[in-house]
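Okay, my_file-v6.txt is below, compact mmCIF, C-alpha atoms and all ligand atoms:
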# COMPACT_ATOMS: atom_id res chain seq x y z
CA MET A 893 108.68 194.02 149.38
CA SER A 894 106.54 193.33 146.29
CA GLU A 895 108.67 195.81 144.31
CA GLN A 896 111.69 193.80 145.32
CA LEU A 897 109.96 190.64 144.15
CA PHE A 898 109.13 192.21 140.79
CA ALA A 899 112.70 193.44 140.41
CA ASN A 900 113.90 189.89 141.07
CA GLN A 901 111.40 188.48 138.62
CA ASP A 902 112.46 190.97 136.00
CA GLN A 903 116.05 189.89 136.46
CA ARG A 904 115.06 186.27 136.22
CA VAL A 905 113.20 186.81 132.97
CA GLN A 906 116.18 188.72 131.59
CA ARG A 907 118.45 185.88 132.63
CA LEU A 908 116.13 183.29 131.08
CA LEU A 909 116.21 185.17 127.78
CA GLN A 910 119.98 185.36 127.93
CA ILE A 911 120.15 181.62 128.57
CA ALA A 912 117.84 180.95 125.63
CA VAL A 913 120.25 182.90 123.40
CA ASP A 914 123.29 181.07 124.82
CA LEU A 915 121.65 177.67 124.38
CA ALA A 916 120.81 178.43 120.77
CA SER A 917 124.46 179.17 120.02
CA THR A 918 125.78 175.60 120.14
CA LEU A 919 124.84 172.21 118.76
CA ASN A 920 127.42 170.39 120.83
CA ILE A 921 125.34 168.23 123.14
CA ASN A 922 127.88 168.06 125.99
CA GLU A 923 128.29 171.83 126.03
CA LEU A 924 124.53 172.27 125.97
CA LEU A 925 123.96 169.93 128.89
CA GLN A 926 126.57 171.73 130.98
CA GLN A 927 124.99 175.11 130.20
CA ILE A 928 121.55 173.81 131.15
CA LEU A 929 122.90 172.36 134.40
CA SER A 930 124.57 175.58 135.49
CA ALA A 931 121.49 177.64 134.64
CA ALA A 932 119.28 175.21 136.58
CA VAL A 933 121.53 175.35 139.65
CA GLU A 934 121.68 179.13 139.44
CA PHE A 935 117.88 179.50 139.33
CA SER A 936 116.98 176.96 141.98
CA HIS A 937 119.87 177.48 144.42
CA ALA A 938 120.44 173.73 144.46
CA GLU A 939 123.68 172.04 145.40
CA GLU A 940 123.82 169.75 142.38
CA ALA A 941 121.89 169.02 139.21
CA SER A 942 121.78 166.19 136.74
CA ILE A 943 120.23 165.52 133.37
CA LEU A 944 118.77 162.16 132.41
CA LEU A 945 118.10 161.56 128.74
CA TYR A 946 115.47 159.19 127.45
CA ASP A 947 116.59 156.52 125.01
CA ALA A 948 113.46 155.85 122.98
CA GLN A 949 114.82 152.64 121.44
CA ARG A 950 115.66 151.02 124.73
CA ARG A 951 112.83 152.76 126.55
CA GLU A 952 115.19 153.70 129.34
CA LEU A 953 116.40 156.82 131.07
CA PHE A 954 120.15 157.26 131.29
CA ILE A 955 122.01 159.71 133.45
CA ARG A 956 123.86 161.75 130.90
CA ALA A 957 125.39 164.77 132.70
CA ALA A 958 125.83 166.19 136.16
CA THR A 959 127.24 169.36 137.68
CA ASN A 960 130.00 167.26 139.15
CA ASP A 961 131.96 166.98 135.91
CA GLU A 962 134.46 164.48 137.20
CA THR A 963 131.81 161.84 137.71
CA GLU A 964 130.33 162.17 134.26
CA GLU A 965 131.89 158.99 132.88
CA THR A 966 130.71 156.94 135.84
CA LEU A 967 127.21 158.31 135.50
CA ARG A 968 126.82 157.63 131.83
CA GLU A 969 126.70 153.93 132.52
CA ILE A 970 123.64 154.11 134.74
CA ALA A 971 120.16 153.29 133.50
CA VAL A 972 117.54 154.62 135.88
CA PRO A 973 114.64 152.25 136.67
CA THR A 974 111.06 153.21 135.81
CA GLU A 975 110.05 152.79 139.47
CA SER A 976 112.40 155.59 140.53
CA ILE A 977 111.36 159.21 141.11
CA ALA A 978 112.84 160.24 137.74
CA GLY A 979 111.06 157.27 136.16
CA TRP A 980 107.77 158.47 137.65
CA VAL A 981 108.38 162.00 136.33
CA ALA A 982 109.15 160.65 132.86
CA LEU A 983 106.16 158.28 132.77
CA ASN A 984 103.67 160.81 134.12
CA ARG A 985 105.27 163.80 132.41
CA GLN A 986 104.75 165.73 135.64
CA PRO A 987 107.23 167.59 137.81
CA ILE A 988 107.72 166.62 141.43
CA ILE A 989 109.17 168.08 144.61
CA VAL A 990 110.38 165.64 147.24
CA ASP A 991 111.46 167.23 150.52
CA ASP A 992 113.08 164.10 151.93
CA VAL A 993 114.04 161.45 149.44
CA HIS A 994 114.66 158.90 152.18
CA GLN A 995 110.94 158.93 152.96
CA ASP A 996 110.09 158.16 149.34
CA PRO A 997 110.10 154.46 148.41
CA ARG A 998 110.83 155.37 144.78
CA TRP A 999 114.19 156.90 145.68
CA PHE A 1000 116.91 155.31 143.51
CA SER A 1001 119.79 155.48 145.94
CA GLN A 1002 122.50 153.89 143.78
CA VAL A 1003 123.19 157.15 141.98
CA GLY A 1004 123.93 159.00 145.19
CA GLU A 1005 126.05 156.07 146.34
CA THR A 1006 128.02 156.00 143.12
CA LEU A 1007 128.64 159.71 143.41
CA GLN A 1008 129.10 159.52 147.16
CA PHE A 1009 126.70 162.44 147.28
CA PRO A 1010 124.15 162.47 150.10
CA THR A 1011 120.83 163.60 148.62
CA ARG A 1012 118.14 165.10 150.85
CA SER A 1013 115.64 167.01 148.74
CA LEU A 1014 114.89 166.84 145.05
CA LEU A 1015 113.08 168.72 142.33
CA ALA A 1016 112.57 166.84 139.06
CA ILE A 1017 111.02 168.18 135.87
CA PRO A 1018 110.29 166.35 132.63
CA MET A 1019 111.90 167.78 129.49
CA ILE A 1020 109.41 167.57 126.64
CA ALA A 1021 109.72 168.88 123.09
CA LYS A 1022 106.94 168.57 120.55
CA GLU A 1023 105.20 166.08 122.85
CA GLN A 1024 108.26 163.88 122.80
CA LEU A 1025 109.94 162.98 126.07
CA ILE A 1026 113.57 164.10 125.89
CA GLY A 1027 114.56 163.46 129.49
CA VAL A 1028 114.38 164.65 133.07
CA LEU A 1029 116.13 167.56 134.77
CA GLU A 1030 116.88 166.90 138.44
CA LEU A 1031 117.93 169.39 141.09
CA LEU A 1032 119.36 168.01 144.30
CA ASN A 1033 119.41 169.60 147.77
CA LYS A 1034 118.11 173.15 148.00
CA LYS A 1035 120.88 175.14 149.69
CA GLU A 1036 118.44 176.89 152.07
CA GLY A 1037 114.85 176.00 152.79
CA ARG A 1038 112.74 173.84 150.50
CA PHE A 1039 112.19 173.70 146.78
CA ASN A 1040 109.05 175.78 146.17
CA GLU A 1041 106.45 176.67 143.54
CA GLU A 1042 108.57 179.54 142.30
CA ASP A 1043 111.52 177.20 141.63
CA LEU A 1044 109.16 174.84 139.90
CA GLU A 1045 107.77 177.55 137.67
CA ILE A 1046 111.06 178.93 136.47
CA LEU A 1047 112.61 175.50 135.99
CA THR A 1048 109.60 174.40 133.96
CA VAL A 1049 110.35 177.25 131.56
CA LEU A 1050 114.04 176.34 131.51
CA SER A 1051 113.23 172.63 130.95
CA ALA A 1052 111.03 173.44 127.97
CA GLN A 1053 113.85 175.50 126.44
CA ALA A 1054 116.35 172.78 127.23
CA ALA A 1055 114.20 170.05 125.67
CA VAL A 1056 113.97 171.89 122.36
CA VAL A 1057 117.70 172.59 122.09
CA ILE A 1058 118.66 169.05 123.12
CA GLN A 1059 116.29 167.58 120.56
CA THR A 1060 117.69 169.83 117.83
CA ALA A 1061 121.26 168.90 118.75
CA GLN A 1062 120.38 165.18 118.74
CA LEU A 1063 118.73 165.39 115.33
CA PHE A 1064 121.59 167.44 113.97
CA ALA A 1065 124.19 164.95 115.24
CA GLN A 1066 122.30 162.08 113.63
CA SER A 1067 121.81 163.71 110.25
CA ASP A 1068 125.38 164.99 110.16
CA GLN A 1069 126.80 161.53 110.88
CA ILE A 1070 124.51 159.81 108.45
CA SER A 1071 125.33 162.20 105.63
CA THR A 1072 129.05 161.56 106.24
CA LEU A 1073 128.46 157.81 106.14
CA VAL A 1074 126.39 158.05 102.96
CA HIS A 1075 129.12 160.12 101.38
CA GLU A 1076 131.74 157.52 102.31
CA LEU A 1077 129.60 154.63 101.07
CA ARG A 1078 129.23 156.27 97.68
CA THR A 1079 132.89 155.82 96.75
CA PRO A 1080 132.99 152.02 96.97
CA LEU A 1081 129.51 151.84 95.42
CA ALA A 1082 130.67 153.92 92.46
CA SER A 1083 133.69 151.61 92.01
CA ILE A 1084 131.46 148.53 92.04
CA ASN A 1085 129.19 150.15 89.50
CA THR A 1086 132.10 150.92 87.16
CA ILE A 1087 133.50 147.40 87.52
CA ALA A 1088 130.11 145.87 86.75
CA TYR A 1089 129.97 147.99 83.61
CA LEU A 1090 133.47 146.89 82.56
CA LEU A 1091 132.61 143.24 83.16
CA GLN A 1092 129.90 143.45 80.50
CA HIS A 1093 132.51 143.82 77.77
CA PRO A 1094 132.57 140.57 75.81
CA GLY A 1095 136.22 140.81 74.74
CA LEU A 1096 137.66 140.73 78.30
CA SER A 1097 140.45 138.26 78.98
CA ASN A 1098 139.93 135.74 81.76
CA SER A 1099 142.69 137.23 83.85
CA LYS A 1100 141.18 140.75 83.54
CA ARG A 1101 137.78 139.32 84.46
CA LEU A 1102 139.27 137.69 87.56
CA GLU A 1103 141.02 140.91 88.52
CA LEU A 1104 137.76 142.85 88.23
CA THR A 1105 135.76 140.37 90.29
CA GLN A 1106 138.46 140.49 92.97
CA MET A 1107 138.10 144.26 93.00
CA ILE A 1108 134.37 143.86 93.60
CA GLN A 1109 135.17 141.60 96.52
CA THR A 1110 137.59 144.14 98.03
CA GLU A 1111 135.07 146.95 97.69
CA THR A 1112 132.17 144.96 99.15
CA ASP A 1113 134.42 143.89 102.04
CA ARG A 1114 135.16 147.54 102.68
CA LEU A 1115 131.47 148.47 102.55
CA ASN A 1116 130.76 145.71 105.01
CA LYS A 1117 133.56 146.76 107.38
CA MET A 1118 132.54 150.36 107.11
CA THR A 1119 128.91 149.82 108.07
CA THR A 1120 129.83 147.49 110.96
CA ALA A 1121 132.47 149.91 112.24
CA PHE A 1122 130.11 152.86 111.89
CA LEU A 1123 127.42 151.12 113.92
CA ASP A 1124 129.98 150.08 116.55
CA LEU A 1125 131.08 153.66 116.85
CA ALA A 1126 127.55 155.07 116.96
CA ARG A 1127 126.69 152.62 119.74
CA MET A 1128 129.69 153.75 121.78
CA GLU A 1129 129.15 157.44 121.11
CA THR A 1130 125.58 157.30 122.31
CA GLY A 1131 126.68 155.39 125.40
CA ARG A 1132 124.80 152.25 124.38
CA ALA A 1133 127.74 149.86 123.96
CA ALA A 1134 128.00 147.14 126.58
CA PHE A 1135 131.31 146.84 128.38
CA ASN A 1136 132.42 143.53 129.87
CA TRP A 1137 134.86 144.44 132.60
CA SER A 1138 137.35 141.83 133.70
CA SER A 1139 140.78 141.63 135.22
CA PHE A 1140 143.46 140.28 132.87
CA SER A 1141 147.12 140.40 131.89
CA LEU A 1142 147.94 143.06 129.29
CA ALA A 1143 151.22 141.34 128.48
CA GLU A 1144 149.39 138.14 127.56
CA LEU A 1145 146.88 140.05 125.46
CA ALA A 1146 149.71 141.94 123.74
CA GLN A 1147 151.40 138.65 122.82
CA GLU A 1148 148.10 137.25 121.54
CA CYS A 1149 147.62 140.31 119.28
CA LEU A 1150 151.19 140.10 117.97
CA ASN A 1151 150.61 136.44 117.07
CA LEU A 1152 147.46 137.40 115.18
CA CYS A 1153 149.35 140.06 113.17
CA GLN A 1154 152.29 137.75 112.47
CA PRO A 1155 151.06 136.22 109.16
CA ARG A 1156 150.40 139.63 107.55
CA ALA A 1157 153.70 141.00 108.93
CA ALA A 1158 155.58 138.01 107.49
CA GLN A 1159 154.02 138.65 104.07
CA LEU A 1160 155.37 142.21 104.18
CA SER A 1161 158.72 141.14 105.76
CA ILE A 1162 158.07 143.13 108.90
CA ALA A 1163 159.52 142.06 112.25
CA LEU A 1164 157.22 142.22 115.28
CA SER A 1165 158.44 142.36 118.86
CA LEU A 1166 157.15 142.88 122.39
CA ASP A 1167 159.02 144.93 124.98
CA SER A 1168 157.40 144.29 128.34
CA PRO A 1169 158.95 144.10 131.83
CA PRO A 1170 158.13 140.96 133.85
CA GLY A 1171 155.59 140.99 136.66
CA LEU A 1172 153.18 143.62 135.35
CA PRO A 1173 149.96 143.80 137.43
CA ALA A 1174 146.55 142.95 135.93
CA VAL A 1175 144.40 145.59 134.33
CA LEU A 1176 140.64 145.98 134.81
CA ALA A 1177 139.17 146.60 131.36
CA ASP A 1178 137.04 145.19 128.57
CA ARG A 1179 139.42 142.61 127.11
CA ASP A 1180 137.80 142.32 123.68
CA LYS A 1181 137.69 146.07 123.25
CA ILE A 1182 141.34 146.58 124.26
CA LYS A 1183 142.21 143.74 121.88
CA GLN A 1184 140.39 145.62 119.11
CA VAL A 1185 142.46 148.74 119.89
CA LEU A 1186 145.78 146.87 119.93
CA LEU A 1187 144.98 144.97 116.74
CA ASN A 1188 144.08 148.13 114.92
CA LEU A 1189 147.26 149.92 116.01
CA LEU A 1190 149.43 146.90 115.16
CA ASN A 1191 147.70 146.34 111.81
CA ASN A 1192 148.20 150.01 110.95
CA ALA A 1193 151.88 149.83 111.96
CA VAL A 1194 152.34 146.78 109.72
CA GLN A 1195 150.17 148.04 106.86
CA TYR A 1196 151.66 151.54 106.68
CA ASN A 1197 155.28 150.42 106.97
CA HIS A 1198 158.19 149.83 104.58
CA PRO A 1199 159.03 146.25 103.57
CA GLY A 1200 161.70 144.98 105.94
CA GLY A 1201 160.49 147.39 108.65
CA GLN A 1202 159.92 146.84 112.35
CA VAL A 1203 157.02 147.12 114.75
CA THR A 1204 157.54 147.09 118.52
CA LEU A 1205 154.88 147.06 121.19
CA HIS A 1206 156.17 148.57 124.45
CA LEU A 1207 154.30 148.04 127.72
CA ARG A 1208 155.00 149.92 130.95
CA HIS A 1209 153.26 150.37 134.29
CA GLN A 1210 153.56 153.41 136.52
CA ASP A 1211 151.38 155.29 139.03
CA ALA A 1212 148.35 152.98 138.71
CA ALA A 1213 148.32 153.36 134.91
CA PHE A 1214 149.66 151.47 131.92
CA GLU A 1215 151.48 152.98 129.01
CA LEU A 1216 151.27 151.13 125.70
CA ARG A 1217 153.33 152.29 122.72
CA VAL A 1218 153.10 150.88 119.21
CA GLN A 1219 156.22 152.00 117.40
CA ASP A 1220 156.86 151.52 113.69
CA THR A 1221 159.57 152.32 111.17
CA GLY A 1222 157.15 153.43 108.46
CA PRO A 1223 157.10 156.61 106.36
CA GLY A 1224 155.68 158.65 109.24
CA ILE A 1225 152.81 161.11 109.23
CA PRO A 1226 153.29 164.83 108.47
CA PRO A 1227 152.77 166.93 111.64
CA GLU A 1228 149.84 168.80 110.07
CA ASP A 1229 147.98 165.49 109.56
CA LEU A 1230 148.45 164.19 113.12
CA PRO A 1231 145.32 165.89 114.56
CA LYS A 1232 143.17 164.46 111.74
CA LEU A 1233 144.10 160.85 112.48
CA PHE A 1234 141.41 160.29 115.10
CA THR A 1235 138.58 161.83 113.10
CA LYS A 1236 136.06 159.70 111.27
CA PHE A 1237 136.91 158.37 107.81
CA TYR A 1238 140.32 160.02 107.73
CA ARG A 1239 142.83 158.22 105.53
CA ALA A 1240 146.11 159.77 104.43
CA PRO A 1241 145.55 160.96 100.84
CA LYS A 1242 148.23 158.67 99.44
CA ASN A 1243 146.76 155.60 101.14
CA GLU A 1244 143.21 156.34 100.18
CA LYS A 1245 143.31 154.41 96.93
CA ALA A 1246 145.73 151.65 97.91
CA SER A 1247 144.35 150.59 101.28
CA PRO A 1248 141.12 148.71 101.87
CA GLY A 1249 140.71 150.52 105.22
CA THR A 1250 137.65 152.41 106.37
CA GLY A 1251 139.35 155.31 108.13
CA LEU A 1252 137.31 154.49 111.24
CA GLY A 1253 139.85 152.31 113.06
CA LEU A 1254 141.58 155.06 115.02
CA THR A 1255 138.30 156.85 115.82
CA ILE A 1256 137.06 153.60 117.36
CA CYS A 1257 140.36 153.22 119.27
CA LYS A 1258 139.98 156.71 120.73
CA GLN A 1259 136.39 156.06 121.74
CA ILE A 1260 137.32 152.76 123.45
CA VAL A 1261 140.35 154.19 125.24
CA GLU A 1262 138.37 157.19 126.48
CA SER A 1263 135.55 154.94 127.67
CA HIS A 1264 138.19 153.35 129.88
CA GLY A 1265 139.15 156.77 131.25
CA GLY A 1266 142.38 156.68 129.20
CA LYS A 1267 144.09 158.80 126.55
CA ILE A 1268 145.49 158.07 123.10
CA GLY A 1269 147.80 160.05 120.84
CA ALA A 1270 150.48 159.81 118.19
CA GLU A 1271 153.98 161.11 117.60
CA SER A 1272 155.64 160.89 114.26
CA GLN A 1273 158.80 161.80 112.46
CA PRO A 1274 158.62 161.69 108.68
CA ASP A 1275 161.00 159.02 107.28
CA VAL A 1276 161.71 157.64 110.77
CA GLY A 1277 158.36 156.26 111.89
CA THR A 1278 155.28 156.73 113.99
CA THR A 1279 154.48 155.83 117.59
CA PHE A 1280 150.92 155.58 118.87
CA TRP A 1281 150.70 155.81 122.67
CA ILE A 1282 147.93 154.93 125.08
CA TYR A 1283 147.59 155.68 128.80
CA LEU A 1284 145.20 153.27 130.41
CA PRO A 1285 144.25 153.51 134.10
CA GLN A 1286 144.71 150.23 135.93
CA THR A 1287 141.17 150.48 137.36
CA PRO A 1288 138.90 152.80 135.39
CA LYS A 1289 136.14 154.55 137.31
CA SER A 1290 133.47 153.39 134.90
CA ALA A 1291 134.21 149.78 135.84
CA ARG A 1292 133.17 150.45 139.42
CA VAL A 1293 129.47 150.90 138.66
CA PRO A 1294 127.55 147.92 140.06
CA ARG A 1295 126.99 145.26 137.40
CA GLN A 1296 123.18 145.34 137.52
CA LEU A 1297 123.19 149.04 136.67
CA ARG A 1298 125.34 148.72 133.60
CA LYS A 1299 123.93 148.74 130.13
N1 LIG B 1 151.28 153.72 111.81
C1 LIG B 1 150.89 154.53 110.82
N2 LIG B 1 151.79 155.09 109.96
C2 LIG B 1 151.39 155.90 108.97
N3 LIG B 1 150.09 156.23 108.74
C3 LIG B 1 149.15 155.72 109.54
C4 LIG B 1 149.50 154.84 110.62
N4 LIG B 1 148.37 154.49 111.26
C5 LIG B 1 147.37 155.09 110.60
N5 LIG B 1 147.82 155.84 109.58
C6 LIG B 1 147.00 156.67 108.66
O1 LIG B 1 145.82 157.02 109.32
C7 LIG B 1 144.68 156.62 108.57
C8 LIG B 1 143.57 156.23 109.50
O2 LIG B 1 143.83 155.00 110.16
P1 LIG B 1 142.62 154.14 110.70
O3 LIG B 1 143.16 152.95 111.41
O4 LIG B 1 141.70 155.04 111.41
O5 LIG B 1 141.87 153.70 109.37
P2 LIG B 1 142.31 152.65 108.26
O6 LIG B 1 143.50 151.87 108.70
O7 LIG B 1 142.40 153.40 106.98
O8 LIG B 1 141.02 151.75 108.21
P3 LIG B 1 140.61 150.50 109.18
O9 LIG B 1 141.49 150.58 110.39
O10 LIG B 1 139.19 150.73 109.50
O11 LIG B 1 140.83 149.31 108.34
C9 LIG B 1 145.19 155.47 107.70
O12 LIG B 1 144.42 155.35 106.53
C10 LIG B 1 146.61 155.91 107.41
O13 LIG B 1 146.59 156.81 106.33
MG MG B 2 143.43 150.93 110.68

Please render this file's structure as structure tokens.
Ligand SMILES: Nc1ncnc2c1ncn2[C@@H]1O[C@H](COP(=O)(O)OP(=O)(O)OP(=O)(O)O)[C@@H](O)[C@H]1O
Ligand SMILES: [Mg+2]
Amino acid sequence: MSEQLFANQDQRVQRLLQIAVDLASTLNINELLQQILSAAVEFSHAEEASILLYDAQRRELFIRAATNDETEETLREIAVPTESIAGWVALNRQPIIVDDVHQDPRWFSQVGETLQFPTRSLLAIPMIAKEQLIGVLELLNKKEGRFNEEDLEILTVLSAQAAVVIQTAQLFAQSDQISTLVHELRTPLASINTIAYLLQHPGLSNSKRLELTQMIQTETDRLNKMTTAFLDLARMETGRAAFNWSSFSLAELAQECLNLCQPRAAQLSIALSLDSPPGLPAVLADRDKIKQVLLNLLNNAVQYNHPGGQVTLHLRHQDAAFELRVQDTGPGIPPEDLPKLFTKFYRAPKNEKASPGTGLGLTICKQIVESHGGKIGAESQPDVGTTFWIYLPQTPKSARVPRQLRK
């Protein structure tokens, strides 16, 4: 019997070492969280597991991942109160076993309700790295029997490993993003510096002087747009952006966006039109954010078009989803560049100098559309034009989280 126990323990230690190696092999936070969850479920024989991460700035715990992958988006919206069991674990930095959550007044039932997952028992362990609280690992419903000391012991080891790798991944993501931003800010700063130097020349004509000061204005505008857009994006990527869900007409919003683009389109002799069937149902979404997406796609279609070209916005509704297509008659995008469009700071090499853009517009669009449970993509034919398409569910899951739980 005890030999059997030792054999099991040996296997467990082996497995823990293997997991440590696996965890060290990626810096992708989503992949890491999923690996931690499956290891935790494997060790504890629990039905489900979830990871809550601590947001030090907001001093709140947010559910960040769960074994039930499909519900991930819904979960990310939920801030867990300090008075909950996970809140207690985080505050006291102590693990806890609760055999029957319904007997515990701290039980935060909304999560289970959102997931439609009936929780009975729970094991929660704080994840701490270098004395810093990273989050809480929760195991729900032991398949047989109760969570015990042995589960607690092995999951404490796993949690400590998990905390270190999550912290490393978080720091890496931050430094990587910031170094990209700094790199991108250097270009406009270098231009401003050169212009300032040129402006010191006494023999400059008035018209040249005016041209140079206008260039400073363009570059500072771009710096400004870039930092605002970068912060917007960072807020969404870390799940801290607030979404204001409401029900509204997409056709009306589309018309509003076309009207806003009209002056710029007229300057470039580009015709704008809307192709939308009558009687479309309302969509449940964040109106301002969808407006931001449409404006960016329309502005791109106008900006990167030939004079005398056309831009058409097509709207369709089918199977509880909307399809939006922004079609232009511009120069098109080479097939090899299509996958790069939605990455940060990407601007087609030939536009890089001419356009005042930041290269963040489409990355923001993708983030917004995906936060609505939708998809975005592009098709293009060189010399014919480009079409950006969006599939938007009529009622995204993330909008169903009760208002008081949303960030
Ligand atoms: N409709 C289009 N036709 C051709 N090229 C496009 C089109 N839309 C975008 N692009 C290319 O993709 C790049 C990225 O677009 P994105 O909207 O992300 O940034 P931007 O327009 O440069 O900057 P911002 O939108 O922040 O002002 C553009 O610089 C352009 O080179
Ligand atoms: Mg753009």

Site check for ligand LIG 1 (chain B): residues at most 8 Å away, all atoms listed in the file, as a PyMOL selection string: chain A and resi 1117-1118+1121+1188-1197+1219-1220+1222-1225+1233-1244+1247-1256+1277-1280

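Coordinates place CA of Asp992 in chain A at a distance of 24.4 Å from CA of Val1049 in chain A.
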
In the coordinate frame of the file, compute which residues have an atom within 12 Å of (114.4, 154.5, 130.8) when using only C-alpha atoms, and state them as a PyMOL selection string. chain A and resi 944-956+970-983+1025-1028+1297+1299

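In this structure, CA of Leu1032 in chain A sits 13.8 Å away from CA of Pro987 in chain A.
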
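Candidate residues A:Arg907, A:Arg998, A:Ala1055, A:Leu1187 were compared for distance to ligand MG 2 (chain B), and the nearest is A:Leu1187, using all atoms listed in the file.
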
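Between CA of His937 in chain A and CA of Phe1009 in chain A there is a distance of 16.8 Å.
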
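Counting all atoms listed in the file and comparing A:Arg1127, A:Glu1262, A:Arg1114, A:Gln1273, the residue that lies closest to ligand MG 2 (chain B) is A:Arg1114.
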
Nearby residues (all atoms listed in the file) at most 12 Å from Val1261 in chain A, same-chain spacing under 5 positions excluded, as a PyMOL selection string: chain A and resi 1128+1177-1179+1181-1186+1214-1216+1234+1254-1256+1266-1269+1281-1285+1288+1290

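Compared by their closest atoms to ligand MG 2 (chain B), and using all atoms listed in the file, the residues A:Ile1108, A:Cys1257, A:Ile1087, A:Val1056 rank with A:Cys1257 nearest.
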